[in-house]
file coords.cif (mmCIF, C-alpha atoms and all ligand atoms)
data_run
loop_
_atom_site.label_atom_id
_atom_site.label_comp_id
_atom_site.auth_asym_id
_atom_site.auth_seq_id
_atom_site.Cartn_x
_atom_site.Cartn_y
_atom_site.Cartn_z
CA MET A 239 105.71 97.66 133.22
CA LYS A 240 104.45 96.77 129.75
CA ASP A 241 104.28 99.58 127.19
CA LYS A 242 100.64 100.31 126.29
CA THR A 243 98.79 102.34 123.72
CA THR A 244 95.36 102.48 122.16
CA ALA A 245 96.17 102.02 118.48
CA VAL A 246 99.12 100.53 116.65
CA VAL A 247 99.57 101.11 112.94
CA ILE A 248 101.83 98.54 111.29
CA GLY A 249 103.31 100.23 108.23
CA ALA A 250 104.41 103.76 107.31
CA GLY A 251 103.62 103.82 103.59
CA PRO A 252 100.79 105.89 102.05
CA TYR A 253 98.15 103.86 103.91
CA GLY A 254 99.82 103.74 107.32
CA LEU A 255 100.66 107.45 107.28
CA SER A 256 97.15 108.42 106.15
CA VAL A 257 95.40 106.27 108.75
CA ALA A 258 97.74 107.58 111.46
CA ALA A 259 97.09 111.21 110.46
CA HIS A 260 93.35 110.66 110.92
CA LEU A 261 93.80 108.80 114.23
CA LYS A 262 95.89 111.71 115.47
CA ALA A 263 93.11 114.14 114.61
CA HIS A 264 90.75 112.01 116.71
CA ASN A 265 93.25 112.25 119.61
CA ILE A 266 93.75 108.49 119.67
CA PRO A 267 97.07 107.54 121.30
CA THR A 268 98.79 105.81 118.39
CA ARG A 269 102.16 104.22 117.65
CA ILE A 270 103.29 103.78 114.05
CA PHE A 271 105.84 101.10 113.17
CA GLY A 272 107.70 100.64 109.88
CA LYS A 273 110.14 102.59 107.75
CA PRO A 274 108.46 105.64 106.20
CA MET A 275 107.84 105.08 102.48
CA ASP A 276 110.32 102.21 102.55
CA PHE A 277 108.88 100.40 99.52
CA TRP A 278 109.06 103.54 97.37
CA GLU A 279 112.55 104.44 98.61
CA HIS A 280 113.74 101.15 97.10
CA MET A 281 112.40 101.83 93.59
CA PRO A 282 114.93 103.03 90.99
CA ALA A 283 115.42 106.76 91.65
CA ASN A 284 114.53 107.80 88.09
CA MET A 285 111.08 106.18 88.08
CA TYR A 286 107.81 108.04 87.63
CA LEU A 287 104.42 107.36 89.18
CA LYS A 288 101.73 105.73 87.11
CA SER A 289 99.14 107.68 89.10
CA LYS A 290 97.97 111.02 87.91
CA TRP A 291 98.37 114.11 90.10
CA SER A 292 94.76 113.98 91.33
CA ALA A 293 95.24 110.36 92.51
CA ALA A 294 98.56 110.54 94.32
CA SER A 295 97.88 112.50 97.53
CA LEU A 296 98.02 110.99 100.99
CA SER A 297 95.00 111.62 103.18
CA ALA A 298 94.80 113.98 106.15
CA PRO A 299 91.67 115.31 107.87
CA ASP A 300 89.82 118.21 106.20
CA GLY A 301 91.49 117.52 102.86
CA LYS A 302 94.75 119.07 104.10
CA TYR A 303 98.30 118.40 102.87
CA LYS A 304 97.52 117.23 99.35
CA LEU A 305 99.97 117.38 96.47
CA ASP A 306 98.46 120.73 95.41
CA HIS A 307 99.23 122.18 98.85
CA TYR A 308 102.78 120.84 98.71
CA ALA A 309 103.35 122.24 95.22
CA ALA A 310 102.10 125.64 96.39
CA ALA A 311 104.30 125.48 99.51
CA ILE A 312 107.47 124.89 97.46
CA HIS A 313 106.38 127.23 94.62
CA SER A 314 106.15 124.35 92.18
CA HIS A 315 103.35 123.11 89.93
CA GLU A 316 101.51 119.96 88.83
CA GLN A 317 103.92 117.29 87.55
CA LYS A 318 102.99 115.12 84.55
CA PRO A 319 104.07 112.37 85.18
CA ILE A 320 105.07 112.69 88.82
CA PRO A 321 108.78 111.91 89.40
CA LEU A 322 109.39 109.46 92.24
CA ALA A 323 111.76 111.92 93.96
CA PHE A 324 109.06 114.64 93.94
CA PHE A 325 106.53 112.22 95.42
CA LEU A 326 108.94 111.10 98.17
CA ASP A 327 109.70 114.73 99.07
CA TYR A 328 105.95 115.33 99.25
CA CYS A 329 105.50 112.35 101.60
CA ARG A 330 108.27 113.64 103.90
CA TRP A 331 106.54 117.05 103.90
CA PHE A 332 103.21 115.34 104.69
CA GLN A 333 104.79 113.62 107.68
CA GLU A 334 106.29 116.90 108.91
CA GLN A 335 103.00 118.80 108.53
CA THR A 336 100.97 116.14 110.27
CA GLY A 337 103.61 115.76 112.99
CA LEU A 338 103.54 111.97 112.75
CA GLU A 339 106.32 110.25 114.62
CA THR A 340 107.17 106.84 113.26
CA ASP A 341 109.27 104.08 114.79
CA PRO A 342 111.25 102.26 112.06
CA THR A 343 111.33 99.00 114.01
CA TYR A 344 109.48 96.13 112.39
CA VAL A 345 106.70 94.23 114.12
CA GLN A 346 107.81 90.66 114.56
CA SER A 347 104.74 89.17 116.13
CA LEU A 348 101.10 90.11 116.57
CA VAL A 349 98.97 88.03 118.93
CA ARG A 350 95.53 88.56 120.43
CA ASP A 351 95.02 87.93 124.10
CA GLY A 352 91.44 88.49 125.24
CA GLU A 353 90.51 92.07 124.37
CA HIS A 354 94.06 93.24 123.68
CA PHE A 355 96.76 92.72 121.09
CA HIS A 356 100.33 91.91 122.07
CA ILE A 357 102.94 93.24 119.71
CA GLU A 358 106.53 92.11 119.75
CA LEU A 359 109.06 94.23 117.90
CA ALA A 360 112.18 93.10 116.03
CA ASP A 361 114.38 94.64 118.75
CA GLY A 362 112.65 92.64 121.49
CA ARG A 363 110.42 95.42 122.88
CA THR A 364 106.79 94.49 123.54
CA LEU A 365 103.64 96.55 123.51
CA GLU A 366 99.93 96.17 124.22
CA ALA A 367 97.17 97.83 122.18
CA SER A 368 93.41 97.64 121.94
CA HIS A 369 93.30 98.39 118.18
CA VAL A 370 95.69 97.36 115.41
CA VAL A 371 95.76 98.55 111.81
CA VAL A 372 97.77 96.38 109.42
CA ALA A 373 99.00 98.58 106.57
CA ALA A 374 102.12 96.58 105.77
CA GLY A 375 102.07 96.90 101.98
CA ILE A 376 102.79 94.37 99.26
CA VAL A 377 106.45 93.35 99.52
CA PRO A 378 105.68 89.82 100.79
CA PHE A 379 103.10 89.36 98.01
CA ALA A 380 105.63 89.39 95.13
CA ASN A 381 104.41 86.82 92.62
CA ILE A 382 107.08 84.40 91.35
CA PRO A 383 105.94 82.19 88.43
CA PRO A 384 106.47 78.43 88.90
CA PHE A 385 109.25 78.20 86.30
CA ALA A 386 111.37 80.67 88.32
CA LEU A 387 110.78 79.35 91.83
CA ASP A 388 114.08 77.45 92.06
CA LEU A 389 116.26 79.93 90.17
CA PRO A 390 119.06 81.61 92.15
CA GLU A 391 118.88 85.39 92.67
CA THR A 392 122.09 85.69 90.69
CA LEU A 393 120.09 84.74 87.57
CA ALA A 394 116.49 85.85 88.21
CA SER A 395 114.46 87.89 90.68
CA HIS A 396 111.35 90.01 91.08
CA THR A 397 111.65 93.60 89.86
CA GLN A 398 111.05 94.86 93.44
CA GLU A 399 114.52 93.56 94.40
CA HIS A 400 116.26 96.11 92.15
CA THR A 401 116.98 99.74 92.95
CA ASP A 402 120.19 100.24 90.95
CA LEU A 403 120.12 98.96 87.37
CA THR A 404 123.59 100.17 86.35
CA PRO A 405 125.20 96.73 86.97
CA PHE A 406 123.18 95.48 83.97
CA LYS A 407 124.95 97.74 81.48
CA GLY A 408 126.09 95.69 78.49
CA ARG A 409 124.13 92.63 79.62
CA ASN A 410 121.45 90.71 77.82
CA VAL A 411 118.30 90.65 79.94
CA ALA A 412 114.62 89.71 79.68
CA VAL A 413 111.71 91.18 81.60
CA VAL A 414 108.63 89.01 82.10
CA GLY A 415 105.30 90.83 82.30
CA SER A 416 103.35 93.64 80.66
CA GLY A 417 102.24 95.84 83.54
CA GLN A 418 103.58 99.30 84.32
CA SER A 419 106.41 97.92 86.50
CA ALA A 420 107.61 95.45 83.87
CA LEU A 421 107.50 98.03 81.09
CA GLU A 422 109.13 100.78 83.15
CA TYR A 423 111.91 98.44 84.29
CA ALA A 424 112.42 97.48 80.63
CA ALA A 425 112.80 101.17 79.71
CA LEU A 426 115.14 101.85 82.63
CA LEU A 427 117.27 98.79 81.83
CA HIS A 428 117.55 99.89 78.21
CA GLU A 429 118.52 103.39 79.36
CA ALA A 430 121.11 101.83 81.71
CA GLY A 431 122.74 100.19 78.67
CA ALA A 432 121.28 96.66 78.76
CA THR A 433 119.89 94.80 75.76
CA VAL A 434 116.29 94.11 76.76
CA GLU A 435 113.45 91.87 75.67
CA VAL A 436 109.96 91.99 77.21
CA ILE A 437 108.22 88.61 77.22
CA ALA A 438 104.52 88.82 78.06
CA ARG A 439 101.77 86.23 78.34
CA GLY A 440 99.21 88.63 76.85
CA SER A 441 99.26 91.67 74.57
CA ILE A 442 101.20 94.79 75.39
CA ILE A 443 98.60 97.47 76.03
CA TRP A 444 99.24 101.19 76.31
CA ILE A 445 96.63 103.08 78.32
CA ASN A 446 94.51 105.03 75.87
CA ARG A 447 92.81 107.96 77.57
CA LYS A 448 91.80 110.05 74.54
CA LEU A 449 88.61 111.05 76.32
CA TYR A 450 90.57 112.09 79.42
CA GLU A 451 93.11 114.13 77.47
CA ARG A 452 90.65 115.85 75.11
CA VAL A 453 87.70 116.96 77.20
CA GLY A 454 89.49 119.19 79.74
CA PRO A 455 87.68 119.61 83.07
CA LEU A 456 84.79 117.49 81.68
CA LYS A 457 87.07 114.48 82.10
CA HIS A 458 85.66 114.00 85.59
CA ILE A 459 82.32 113.02 84.06
CA PHE A 460 84.07 109.87 82.89
CA TYR A 461 86.95 109.58 85.35
CA PRO A 462 86.88 110.57 89.04
CA PRO A 463 90.06 112.08 90.52
CA SER A 464 91.03 108.63 91.90
CA ASP A 465 91.38 107.44 88.29
CA VAL A 466 91.39 103.66 88.80
CA GLY A 467 89.58 101.65 86.11
CA PRO A 468 88.10 102.41 82.70
CA ALA A 469 85.74 105.31 81.87
CA GLY A 470 82.49 105.10 83.82
CA LEU A 471 83.42 102.02 85.83
CA SER A 472 86.07 104.09 87.58
CA TRP A 473 83.23 105.93 89.36
CA VAL A 474 82.06 102.64 90.90
CA VAL A 475 85.62 101.84 91.96
CA ALA A 476 86.08 105.33 93.44
CA PHE A 477 83.77 104.63 96.40
CA PRO A 478 85.21 101.55 98.09
CA THR A 479 82.65 101.36 100.89
CA LEU A 480 79.76 101.36 98.39
CA PHE A 481 81.75 98.95 96.20
CA SER A 482 81.99 96.59 99.19
CA HIS A 483 78.20 96.11 99.14
CA LEU A 484 78.20 94.69 95.58
CA PRO A 485 77.89 90.90 95.17
CA ASP A 486 81.19 88.96 95.22
CA GLN A 487 81.05 88.04 91.53
CA THR A 488 80.34 91.64 90.47
CA ARG A 489 83.25 92.94 92.55
CA TYR A 490 85.52 90.28 91.08
CA THR A 491 84.52 91.16 87.50
CA ILE A 492 84.97 94.90 88.04
CA ASP A 493 88.33 94.28 89.69
CA LYS A 494 89.60 92.21 86.75
CA ARG A 495 88.38 94.82 84.25
CA SER A 496 89.90 97.72 86.18
CA VAL A 497 93.49 96.65 86.62
CA ARG A 498 94.50 94.95 83.40
CA PRO A 499 98.28 95.00 82.88
CA SER A 500 99.14 98.07 80.79
CA GLY A 501 101.67 100.86 80.44
CA SER A 502 101.28 104.62 80.60
CA GLN A 503 101.37 106.54 77.31
CA TRP A 504 104.38 108.59 78.46
CA LEU A 505 106.33 105.34 78.79
CA ARG A 506 105.56 104.11 75.28
CA PRO A 507 108.29 106.04 73.37
CA ARG A 508 110.85 104.79 75.91
CA VAL A 509 109.92 101.16 75.16
CA VAL A 510 108.61 100.79 71.60
CA GLY A 511 111.53 100.58 69.15
CA LYS A 512 113.97 100.51 72.07
CA VAL A 513 113.45 97.02 73.46
CA ARG A 514 112.34 93.79 71.81
CA LEU A 515 108.66 93.07 72.54
CA THR A 516 107.46 89.46 72.51
CA PRO A 517 103.77 89.43 73.45
CA ASN A 518 101.43 86.42 73.75
CA THR A 519 104.32 84.20 74.73
CA GLU A 520 105.21 82.42 77.95
CA ILE A 521 108.47 81.17 79.36
CA MET A 522 107.93 77.45 79.79
CA GLU A 523 111.30 76.62 81.29
CA ALA A 524 114.38 78.55 82.40
CA ILE A 525 117.51 76.44 82.84
CA PRO A 526 120.78 77.75 84.31
CA GLN A 527 123.47 77.32 81.67
CA GLY A 528 127.03 78.61 81.98
CA ASP A 529 126.79 82.10 83.55
CA GLY A 530 123.24 82.71 82.31
CA LEU A 531 119.83 81.21 81.60
CA HIS A 532 118.50 79.19 78.70
CA CYS A 533 114.77 80.00 78.34
CA LYS A 534 112.36 77.87 76.35
CA LEU A 535 109.33 79.85 75.14
CA SER A 536 105.78 78.74 74.33
CA ASP A 537 106.25 79.71 70.64
CA GLY A 538 108.91 77.00 70.30
CA THR A 539 111.85 79.43 70.29
CA ALA A 540 114.54 79.82 72.94
CA ARG A 541 116.63 82.66 74.41
CA ASP A 542 120.00 82.69 76.11
CA ILE A 543 120.12 85.58 78.54
CA ASP A 544 122.29 86.89 81.37
CA TYR A 545 119.45 87.84 83.72
CA LEU A 546 115.69 87.50 84.07
CA PHE A 547 113.56 90.23 85.70
CA LEU A 548 110.18 89.07 86.97
CA GLY A 549 107.75 91.93 86.53
CA THR A 550 105.05 89.47 87.42
CA GLY A 551 103.11 91.54 89.92
CA TYR A 552 101.72 90.73 93.31
CA LYS A 553 99.21 88.32 94.78
CA ALA A 554 97.89 89.42 98.13
CA SER A 555 97.45 86.81 100.84
CA ILE A 556 97.20 87.22 104.57
CA GLU A 557 99.29 84.04 104.96
CA ARG A 558 102.30 85.99 103.72
CA PHE A 559 102.20 88.42 106.67
CA ASN A 560 104.55 86.31 108.76
CA PHE A 561 104.25 88.60 111.76
CA ILE A 562 100.61 87.64 112.32
CA ASP A 563 100.72 84.75 114.76
CA PRO A 564 99.03 81.61 113.34
CA SER A 565 96.66 81.56 116.35
CA LEU A 566 95.41 85.03 115.35
CA ARG A 567 95.41 84.30 111.62
CA ASP A 568 93.13 81.33 112.26
CA GLN A 569 90.56 83.68 113.81
CA ILE A 570 90.45 85.97 110.74
CA ARG A 571 87.70 84.94 108.34
CA GLN A 572 89.18 84.91 104.85
CA GLN A 573 88.36 84.36 101.23
CA ASP A 574 91.11 83.51 98.74
CA GLY A 575 93.71 84.79 101.19
CA TYR A 576 91.97 88.13 101.78
CA PRO A 577 90.38 89.03 105.13
CA LEU A 578 86.62 89.55 105.04
CA GLN A 579 85.97 93.07 106.32
CA ASN A 580 83.09 95.25 107.41
CA THR A 581 82.65 98.79 106.05
CA SER A 582 85.05 100.07 108.72
CA PHE A 583 87.84 97.90 107.27
CA GLU A 584 87.62 95.77 110.42
CA SER A 585 88.27 92.05 110.04
CA SER A 586 86.26 89.33 111.78
CA VAL A 587 88.64 89.86 114.74
CA PRO A 588 87.27 92.92 116.56
CA HIS A 589 89.52 95.99 116.34
CA LEU A 590 91.91 94.41 113.85
CA TYR A 591 91.85 96.39 110.60
CA PHE A 592 93.51 95.87 107.22
CA ALA A 593 94.33 98.62 104.72
CA GLY A 594 95.98 98.61 101.30
CA ALA A 595 96.08 95.81 98.72
CA ILE A 596 95.12 93.16 101.29
CA ALA A 597 91.69 94.89 101.59
CA GLY A 598 91.12 94.47 97.84
CA PHE A 599 88.68 91.57 98.03
CA THR A 600 86.15 93.66 99.95
CA PHE A 601 86.94 97.19 98.78
CA GLY A 602 88.15 96.63 95.24
CA PRO A 603 91.01 97.69 93.02
CA ILE A 604 91.40 101.19 94.46
CA CYS A 605 93.05 99.53 97.49
CA ARG A 606 96.09 98.76 95.36
CA PHE A 607 96.68 102.46 94.80
CA ILE A 608 97.40 105.50 96.94
CA ALA A 609 93.97 106.83 95.99
CA GLY A 610 92.31 104.26 98.24
CA SER A 611 94.02 105.59 101.37
CA ASP A 612 91.47 108.36 101.91
CA ALA A 613 88.48 106.05 102.38
CA ALA A 614 90.48 103.60 104.48
CA ALA A 615 91.78 106.38 106.75
CA HIS A 616 88.33 107.93 107.27
CA GLN A 617 86.54 104.64 107.93
CA ILE A 618 89.16 103.14 110.22
CA SER A 619 89.78 106.27 112.30
CA ARG A 620 86.05 106.86 112.88
CA HIS A 621 85.58 103.27 114.01
CA VAL A 622 88.61 103.35 116.30
CA ALA A 623 87.40 106.65 117.80
CA ARG A 624 83.93 105.18 118.39
CA THR A 625 85.11 101.96 119.94
CA ALA A 626 88.31 103.02 121.73
CA SER A 627 86.34 104.85 124.38
CA SER A 628 84.60 101.61 125.37
CA ILE A 629 87.90 99.75 125.86
CA ARG A 630 90.20 101.61 128.13
CA ILE A 631 93.83 100.66 128.19
CA ALA A 632 95.69 102.58 130.88
CA VAL A 633 98.22 104.51 128.81
CA PRO A 634 101.16 105.65 130.92
CA ALA A 635 101.49 109.45 131.02
C1 LIG A 701 106.93 99.69 90.70
C2 LIG A 701 105.64 100.12 91.33
C3 LIG A 701 105.08 101.35 91.04
C4 LIG A 701 103.90 101.76 91.64
N1 LIG A 701 103.37 102.97 91.29
C5 LIG A 701 102.22 103.34 91.85
C6 LIG A 701 101.62 104.59 91.49
O1 LIG A 701 102.11 105.34 90.66
N2 LIG A 701 100.47 104.95 92.13
C7 LIG A 701 99.88 104.15 93.07
O2 LIG A 701 98.85 104.57 93.60
N3 LIG A 701 100.39 102.97 93.39
C8 LIG A 701 101.54 102.54 92.80
N4 LIG A 701 102.06 101.33 93.13
C9 LIG A 701 101.35 100.50 94.11
C10 LIG A 701 101.91 100.84 95.52
O3 LIG A 701 102.62 99.76 95.98
C11 LIG A 701 100.80 101.18 96.47
O4 LIG A 701 99.96 102.17 95.99
C12 LIG A 701 101.30 101.71 97.82
O5 LIG A 701 102.63 101.40 98.11
C13 LIG A 701 100.43 101.20 98.87
O6 LIG A 701 100.83 101.75 100.07
P1 LIG A 701 100.87 100.88 101.39
O7 LIG A 701 100.94 101.87 102.50
O8 LIG A 701 99.79 99.88 101.38
O9 LIG A 701 102.22 100.03 101.28
P2 LIG A 701 103.75 100.41 101.22
O10 LIG A 701 104.00 101.68 100.54
O11 LIG A 701 104.44 99.20 100.68
O12 LIG A 701 104.18 100.57 102.76
C14 LIG A 701 104.29 99.46 103.61
C15 LIG A 701 104.87 99.89 104.93
O13 LIG A 701 104.79 98.80 105.82
C16 LIG A 701 106.01 98.67 106.52
N5 LIG A 701 106.08 97.30 107.01
C17 LIG A 701 106.03 96.15 106.32
N6 LIG A 701 106.09 95.10 107.15
C18 LIG A 701 106.17 95.59 108.40
C19 LIG A 701 106.28 95.02 109.70
N7 LIG A 701 106.29 93.71 109.91
N8 LIG A 701 106.35 95.87 110.76
C20 LIG A 701 106.33 97.21 110.60
N9 LIG A 701 106.22 97.79 109.39
C21 LIG A 701 106.15 97.00 108.31
C22 LIG A 701 107.07 99.12 105.54
O14 LIG A 701 108.28 99.51 106.19
C23 LIG A 701 106.34 100.31 104.90
O15 LIG A 701 106.50 101.44 105.71
C24 LIG A 701 103.24 100.90 92.54
C25 LIG A 701 103.78 99.64 92.84
C26 LIG A 701 104.96 99.24 92.23
C27 LIG A 701 105.48 97.87 92.54
#
call {"tool": "encode", "arguments": {"input": "coords.cif", "output": "structure tokens", "more": "lines below"}}
Ligand SMILES: Cc1cc2nc3c(=O)[nH]c(=O)nc-3n(C[C@H](O)[C@H](O)[C@H](O)COP(=O)(O)OP(=O)(O)OC[C@H]3O[C@@H](n4cnc5c(N)ncnc54)[C@H](O)[C@@H]3O)c2cc1C
result
Amino acid sequence: MKDKTTAVVIGAGPYGLSVAAHLKAHNIPTRIFGKPMDFWEHMPANMYLKSKWSAASLSAPDGKYKLDHYAAAIHSHEQKPIPLAFFLDYCRWFQEQTGLETDPTYVQSLVRDGEHFHIELADGRTLEASHVVVAAGIVPFANIPPFALDLPETLASHTQEHTDLTPFKGRNVAVVGSGQSALEYAALLHEAGATVEVIARGSIIWINRKLYERVGPLKHIFYPPSDVGPAGLSWVVAFPTLFSHLPDQTRYTIDKRSVRPSGSQWLRPRVVGKVRLTPNTEIMEAIPQGDGLHCKLSDGTARDIDYLFLGTGYKASIERFNFIDPSLRDQIRQQDGYPLQNTSFESSVPHLYFAGAIAGFTFGPICRFIAGSDAAAHQISRHVARTASSIRIAVPA
């Protein structure tokens, strides 16, 4: 007999775990697939979060199991910045406290058949569900610039491919990009003993939060705890369901203004004076030569390097979720690769929800950060609870 459940959550990162915790509180039979915090487990161990303490908690019902609660439970205190290892320990604690059981198997195929979804897993098992939440993160969205598309991984790759940077000791490397990832990888590579140059299309900007640092508790007049976007505007970004009602062009403009590539202040002394910074310059061509790469830059100069790191960010597109069967993908109304969603995060396919960066077109820049998981989890779980009772799948005891 086919395995059946009410809800399936695809993904066990901050979004998947938060949504699942809320579904559990609504007593919705739910299965969660994906490796818990997999994406974060693959970051270099000595990284720090860009998010501030108030913006890095997962979401559970009644405001439970936040970072503050974890710190109190282990007799620790607020971390500034938050070390990756601390955050991962917190997420494991969150999963223990919420009692969420995850299945690390990947979903290979998602198809809709009448009122139900058919899910095929990588190990061949199949499952039927009435509601599906896609919270599968950003790994497939890694943005590779055209000049690097044909380069072998032995010479160039996206920063997300690298956990251990020690093999780059003594090597001459370049990092493309000026966001937090690019700048933090540059610092870590320098600290691992590489000679590093950052090449960025625009300026190198360090987040300047004088207002935030100087006004104490009053900072929340200008910045909500979610802390995505510049002073003032961050309050608009903080409420994704209200944000979703703004006109398309307004949402687009706010999005662009809110997530400009920049680095945290605490990172600055680890980069400035330590690595060569080449802003306002693009790599026009990168040609394999000998054991390395010959890069031609837009300022007319050239570099010979051993390895190129692409800290070139992510571009969300539903097309990149290979597990969604084309027949289902065709039914999802989209704009620029993003699903169009109602305020419950439901796509145009009934009972198919999207959370995380892929929901950014409708719900704005907060979806690219942990801070957006609270709204997604509340909205989705309420909608599933409301609608699950009208569609009964016989769940085996
Ligand atoms: C270097 C770096 C640093 C960052 N720092 C911060 C930060 O400080 N603060 C912040 O808020 N954001 C940060 N981000 C953004 C971060 O990626 C998101 O906030 C966060 O990961 C979003 O969570 P998620 O649950 O959507 O995705 P993820 O954390 O990526 O989780 C995705 C989950 O989906 C699972 N999965 C994928 N495909 C399948 C499949 N087919 N079947 C089953 N499971 C699947 C994975 O195993 C994983 O469990 C950073 C990003 C990068 C690249």
call {"tool": "closest_residue", "arguments": {"input": "coords.cif", "among": "A:Leu305, A:Ala293, A:Cys329, A:Ile312", "to": "Asp465 of chain A", "atoms": "all atoms listed in the file"}}
result
A:Ala293
call {"tool": "atom_distance", "arguments": {"input": "coords.cif", "atom1": "atom CA of Lys240 of chain A", "atom2": "atom CA of Glu358 of chain A"}}
result
11.2 Å
call {"tool": "residues_near_ligand", "arguments": {"input": "coords.cif", "ligand": "ligand LIG 701 (chain A)", "cutoff": "6 Å", "atoms": "all atoms listed in the file", "output": "PyMOL selection string"}}
result
chain A and resi 248-254+271-277+287-289+344-346+373-376+419+561+594+606-609
call {"tool": "residues_around", "arguments": {"input": "coords.cif", "residues": "segment 550-555 of chain A", "least_positions_apart": "4", "cutoff": "8 Å", "atoms": "all atoms listed in the file", "output": "short mmCIF file (atom, residue, chain, number, x, y, z; two decimals) with C-alpha atoms, keeping the file's coordinate frame"}}
result
data_model
loop_
_atom_site.label_atom_id
_atom_site.label_comp_id
_atom_site.auth_asym_id
_atom_site.auth_seq_id
_atom_site.Cartn_x
_atom_site.Cartn_y
_atom_site.Cartn_z
CA ILE A 376 102.79 94.37 99.26
CA PHE A 379 103.10 89.36 98.01
CA ALA A 380 105.63 89.39 95.13
CA ASN A 381 104.41 86.82 92.62
CA ILE A 382 107.08 84.40 91.35
CA PRO A 383 105.94 82.19 88.43
CA HIS A 396 111.35 90.01 91.08
CA VAL A 414 108.63 89.01 82.10
CA GLY A 415 105.30 90.83 82.30
CA GLY A 417 102.24 95.84 83.54
CA SER A 419 106.41 97.92 86.50
CA ALA A 420 107.61 95.45 83.87
CA PHE A 559 102.20 88.42 106.67
CA ASP A 574 91.11 83.51 98.74
CA GLY A 575 93.71 84.79 101.19
CA TYR A 576 91.97 88.13 101.78
CA ALA A 595 96.08 95.81 98.72
CA ILE A 596 95.12 93.16 101.29
#
call {"tool": "residues_around", "arguments": {"input": "coords.cif", "residues": "segment 492-503 of chain A", "least_positions_apart": "5", "cutoff": "6 Å", "atoms": "only C-alpha atoms", "output": "list of chain:residue names"}}
result
A:Ser416, A:Gly417, A:Gln418, A:Ile443, A:Trp444, A:Ile445, A:Gly467, A:Pro603
call {"tool": "residues_around", "arguments": {"input": "coords.cif", "residues": "Pro577 of chain A", "least_positions_apart": "3", "cutoff": "8 Å", "atoms": "all atoms listed in the file", "output": "ChimeraX atom specification"}}
result
/A:556,570-573,585-586,592,596-597,599
call {"tool": "residues_around", "arguments": {"input": "coords.cif", "residues": "Leu393 of chain A", "least_positions_apart": "3", "cutoff": "8 Å", "atoms": "all atoms listed in the file", "output": "list of chain:residue names"}}
result
A:Leu389, A:Pro390, A:Pro526, A:Gly530, A:Leu531, A:Asp544, A:Tyr545, A:Leu546
call {"tool": "write_last_selection", "arguments": {"input": "coords.cif", "atoms": "C-alpha atoms", "output": "mmCIF file, in the frame of the given file"}}
result
data_model
loop_
_atom_site.group_PDB
_atom_site.id
_atom_site.type_symbol
_atom_site.label_atom_id
_atom_site.label_comp_id
_atom_site.auth_asym_id
_atom_site.auth_seq_id
_atom_site.Cartn_x
_atom_site.Cartn_y
_atom_site.Cartn_z
ATOM 1 C CA LEU A 389 116.260 79.930 90.170
ATOM 2 C CA PRO A 390 119.060 81.610 92.150
ATOM 3 C CA PRO A 526 120.780 77.750 84.310
ATOM 4 C CA GLY A 530 123.240 82.710 82.310
ATOM 5 C CA LEU A 531 119.830 81.210 81.600
ATOM 6 C CA ASP A 544 122.290 86.890 81.370
ATOM 7 C CA TYR A 545 119.450 87.840 83.720
ATOM 8 C CA LEU A 546 115.690 87.500 84.070
#
call {"tool": "residues_around", "arguments": {"input": "coords.cif", "residues": "segment 318-321 of chain A", "least_positions_apart": "4", "cutoff": "8 Å", "atoms": "only C-alpha atoms", "output": "short mmCIF file (atom, residue, chain, number, x, y, z; two decimals) with C-alpha atoms, keeping the file's coordinate frame"}}
result
data_model
loop_
_atom_site.label_atom_id
_atom_site.label_comp_id
_atom_site.auth_asym_id
_atom_site.auth_seq_id
_atom_site.Cartn_x
_atom_site.Cartn_y
_atom_site.Cartn_z
CA ASN A 284 114.53 107.80 88.09
CA MET A 285 111.08 106.18 88.08
CA TYR A 286 107.81 108.04 87.63
CA LEU A 287 104.42 107.36 89.18
CA LYS A 288 101.73 105.73 87.11
CA SER A 289 99.14 107.68 89.10
CA LYS A 290 97.97 111.02 87.91
CA TRP A 291 98.37 114.11 90.10
CA PHE A 325 106.53 112.22 95.42
CA TRP A 504 104.38 108.59 78.46
#
call {"tool": "decode", "arguments": {"input": "coords.cif", "residues": "segment 536-542 of chain A", "atoms": "N, CA and C atoms", "output": "PDB file, in the first residue's frame"}}
result
ATOM      1  N   SER A 536      38.388  44.489 -17.098  1.00  0.00           N
ATOM      2  CA  SER A 536      37.786  45.594 -17.856  1.00  0.00           C
ATOM      3  C   SER A 536      38.638  46.862 -17.807  1.00  0.00           C
ATOM      4  N   ASP A 537      39.601  46.952 -16.874  1.00  0.00           N
ATOM      5  CA  ASP A 537      40.462  48.149 -16.819  1.00  0.00           C
ATOM      6  C   ASP A 537      41.697  47.991 -17.714  1.00  0.00           C
ATOM      7  N   GLY A 538      41.706  46.923 -18.519  1.00  0.00           N
ATOM      8  CA  GLY A 538      42.800  46.736 -19.476  1.00  0.00           C
ATOM      9  C   GLY A 538      43.967  45.944 -18.906  1.00  0.00           C
ATOM     10  N   THR A 539      43.932  45.648 -17.606  1.00  0.00           N
ATOM     11  CA  THR A 539      45.022  44.879 -17.003  1.00  0.00           C
ATOM     12  C   THR A 539      44.692  43.382 -17.064  1.00  0.00           C
ATOM     13  N   ALA A 540      45.628  42.577 -16.637  1.00  0.00           N
ATOM     14  CA  ALA A 540      45.412  41.116 -16.625  1.00  0.00           C
ATOM     15  C   ALA A 540      46.013  40.521 -15.356  1.00  0.00           C
ATOM     16  N   ARG A 541      45.507  39.352 -14.964  1.00  0.00           N
ATOM     17  CA  ARG A 541      46.043  38.645 -13.784  1.00  0.00           C
ATOM     18  C   ARG A 541      46.273  37.187 -14.147  1.00  0.00           C
ATOM     19  N   ASP A 542      47.353  36.636 -13.633  1.00  0.00           N
ATOM     20  CA  ASP A 542      47.567  35.191 -13.734  1.00  0.00           C
ATOM     21  C   ASP A 542      47.380  34.619 -12.340  1.00  0.00           C
TER      22      ASP A 542
END
